[in-house]
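One structure is given here, and the rest of the page talks about it.
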Amino acid sequence: MIATNTLAEVPIRGGNFYSEGYCQTDVKRGVTRNRVGTRLLCLTTDFLVGFRRAIQEETGPAADTVFKTCGRKWGGFVAKRFDQEMTEFTGTALRDFTLAQFQSHLIDMFAEHGWGKIELDLTRHNQGLVVIHIDEPIFAGFVGKSDKPVESLTAGLLAGLFAAVFEQDLDCYQTQCKACGHKNATFILGLTSRLAGVSALQDAGKSHEQILKELINALV
Amino acid sequence: MISRMMQVVNTTDSLYLTPAQQKEVLDYGRSLQRRFAACRAVEAVEDDVVEAAKEAFFEQHPNLSDITENGWENFENDQRFALRTAIQSMLLDDLSFAEQKHFRSLRRIMSFLEIPAVVQNDWFSSLRTALESRVKSEVTDTLAPYLDTFQPATTTATAR
């Protein structure tokens, strides 16, 4: 059989979608797009500060709920885009990725978008819980000290994203926060019904480890 | 992709290029024929290299054939892609290109699959050894700095 394509003409799917060249800005039009054409925006700290304060002033005690709801909707859209972009780039549907590939691309997606350095702890996966650590999360860098977690937007993002990807009713709570003095932001992801009591545990002053223990013991 | 010319111009900070900077760009231009020759030489032996690397790797680590269940087909593809990424790195004269484009995420995926760092190194080494035995020394010399980016993993993969 005579080869109709040379090696130079046959592309191989792979590599890091988020590597150098991920973003391209058309300065004449004032538009930034990623390598498959999705439009991106850079949001500066002053915007995030103003956005956070405006939500807090307008919604008062409901601010965390508003942030989480926004995050959840955002996470659903991110999941859809993540799926489309990964499928287009790799030629493999996201649902057919190995967990290792999914984790790796997820880490790069978070890092490239400036949402922090994410790490998944799957050691309790068989108990229905995933612990997520994020270094340099969105808000903690400029919020200052706080007596309660401040990353409710990210908690919503994680819940919405994983719920859409794995097609499960998932929720996510932040249990450690840099603004509260912890090393990084820590979240617990699980079924919504499973995590229903987490908020009360947090109000009772339980630590991350205590909350995990309660959740695991509740299964027994 | 920022060309080598743009890299130099960006560092001049609105000044005219110095004679040394002009020489740097001209030297790179003169090296392109050698770089393209190396690229063609690797392209000609790519199938053999990937096949030999795979055999050598599994000879060294027969138990890792279980990786097949976790997507070895992708790994074999990745080995071909790793080779091409190193070549692109050489054409661009950018040592960080291959790491950013592929190696970093690939090592991370292998770590998640609980492949120890020493075995990851063997995966890359088998590819390099297979290549170096199939091309002329001048091609190897041209590629050497970029194949060096098949560096030993500096972090130890931990069992999960």
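Each chain in the structure tokens gets a letter, A, B, ..., in the order shown, and its residues are numbered from 1; ligands are numbered from 1 in order too.
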
Open item on the list: Please check the contacts: residues of chain B at most 6 Å away from chain A, using only C-alpha atoms, listed as a list in words.
Closed with: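 Only these qualify: Gln100, Lys101, His102, Ile109 and Phe112 of chain B.
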
Spatial neighbours of Glu209 (chain A), max dist 9 Å, only C-alpha atoms, sep filter under 4 positions, as a tab-separated table (two decimals) with C-alpha atoms, in the first residue's frame:
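out27.tsv written:
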chain	number	residue	atom	x	y	z
A	175	THR	CA	-13.26	23.30	55.54
A	213	LYS	CA	-14.33	11.73	60.75
A	214	GLU	CA	-18.01	12.51	61.36

- [ ] Identify, on the basis of only C-alpha atoms, every residue whose closest approach to Ser126 (chain B) does not exceed 7 Å; exclude the query and any residue fewer than 5 positions from it along the same chain; express the result as a list in words.
- [x] Ala53, Ala56 and Phe57 of chain B

- [ ] Would you work out the distance separating CA of His125 (chain A) from CA of Gly190 (chain A), expressed in Å to one decimal?
- [x]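 Separation between CA of His125 (chain A) and CA of Gly190 (chain A): 9.2 Å.
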
Open item on the list: I'd like to know which of A:Gly116, A:Gly181, A:Gly160, A:Pro149 is closest to Gln202 (chain A), using only C-alpha atoms.
Closed with: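 Smallest distance to Gln202 (chain A) is found for A:Pro149.
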
TODO: Would you please give, as a ChimeraX atom specification, all residues of region 160-220 of chain A that DSSP assigns to strand (DSSP E or B) based on the backbone?
DONE: /A:170-176,185-191

Please dump the current selection as a compact mmCIF listing (two decimals), in the first residue's frame; keep C-alpha atoms.
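Okay, this is what ended up in part.txt:
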# COMPACT_ATOMS: atom_id res chain seq x y z
CA LEU A 170 -22.61 16.70 44.36
CA ASP A 171 -21.89 19.43 46.85
CA CYS A 172 -18.68 20.93 48.15
CA TYR A 173 -17.77 22.70 51.37
CA GLN A 174 -14.63 24.59 52.25
CA THR A 175 -13.26 23.30 55.54
CA GLN A 176 -9.88 25.04 55.68
CA ALA A 185 -7.76 26.08 51.00
CA THR A 186 -9.28 22.65 51.59
CA PHE A 187 -12.65 21.42 50.39
CA ILE A 188 -14.71 18.29 50.87
CA LEU A 189 -16.64 17.05 47.83
CA GLY A 190 -19.37 14.45 48.06
CA LEU A 191 -22.99 13.63 47.43

TODO: Pick out each residue of region 119-198 of chain A that DSSP on the backbone tags as helix (DSSP H, G or I); I need them as a ChimeraX atom specification.
DONE: /A:125-127,140-143,152-166,178-180,198

Task: Pick from B:Ala82, B:Leu143, B:Val49, B:Leu17, whichever lies nearest to Leu106 (chain B) using only C-alpha atoms - done: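 So, comparing all the options, the nearest one is B:Ala82.
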
- [ ] Would you work out the distance separating CA of Lys145 (chain A) from CA of Leu48 (chain A), expressed in Å to one decimal?
- [x]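 Answer for the CA of Lys145 (chain A) to CA of Leu48 (chain A) separation: 16.5 Å.
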
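Pairwise distance (CA of Leu32 (chain B), CA of Ser125 (chain B)) equals 26.4 Å.
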
Task: A:Ala179, A:Ile134, A:Leu153, A:Ala204 ranked by distance to Lys73 (chain A), top pick (using only C-alpha atoms) - done: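 Closest candidate: A:Leu153.
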
Task: 12 Å contact set for region 25-37 of chain A, only C-alpha atoms, chain neighbours under 2 positions out, as a PyMOL selection string - done: (chain A and resi 16-23+39-42+81-82+84-89+109+112-113) or (chain B and resi 1)

Open item on the list: Ranking A:Pro137, A:Gly114, A:Gly50, A:Gly128 by minimum distance to Leu215 (chain A) and counting only C-alpha atoms, which one comes first?
Closed with: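 Closest to Leu215 (chain A) of all the choices is A:Gly128.
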
Open item on the list: Taking 2 positions as the minimum chain separation for residues in the same chain, which residues sit within 10 Å of region 94-98 of chain B when counting only C-alpha atoms? Answer as number ranges by chain.
Closed with: A: 15-16, 19-20; B: 1-4, 82-92, 100-104, 145-150

TODO: Identify which of the residues A:Leu94, A:Val143, A:Leu158, A:Val66 lies closest to Val131 (chain A), counting only C-alpha atoms when measuring atom-to-atom distances.
DONE: A:Leu158

Open item on the list: Excluding Ala37 (chain B) and its own-chain neighbours fewer than 3 positions away, which residues fall within 12 Å of it when counting only C-alpha atoms? Please give them as an NGL selection string.
Closed with: :B and (31-34 or 40-44 or 87 or 90-91 or 135-136 or 138-140 or 142-143)

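Between Asp78 (chain B) and the candidates B:Arg134, B:Lys54, B:Arg30, B:Arg35, the tightest atom-to-atom separation, counting only C-alpha atoms, involves B:Lys54.
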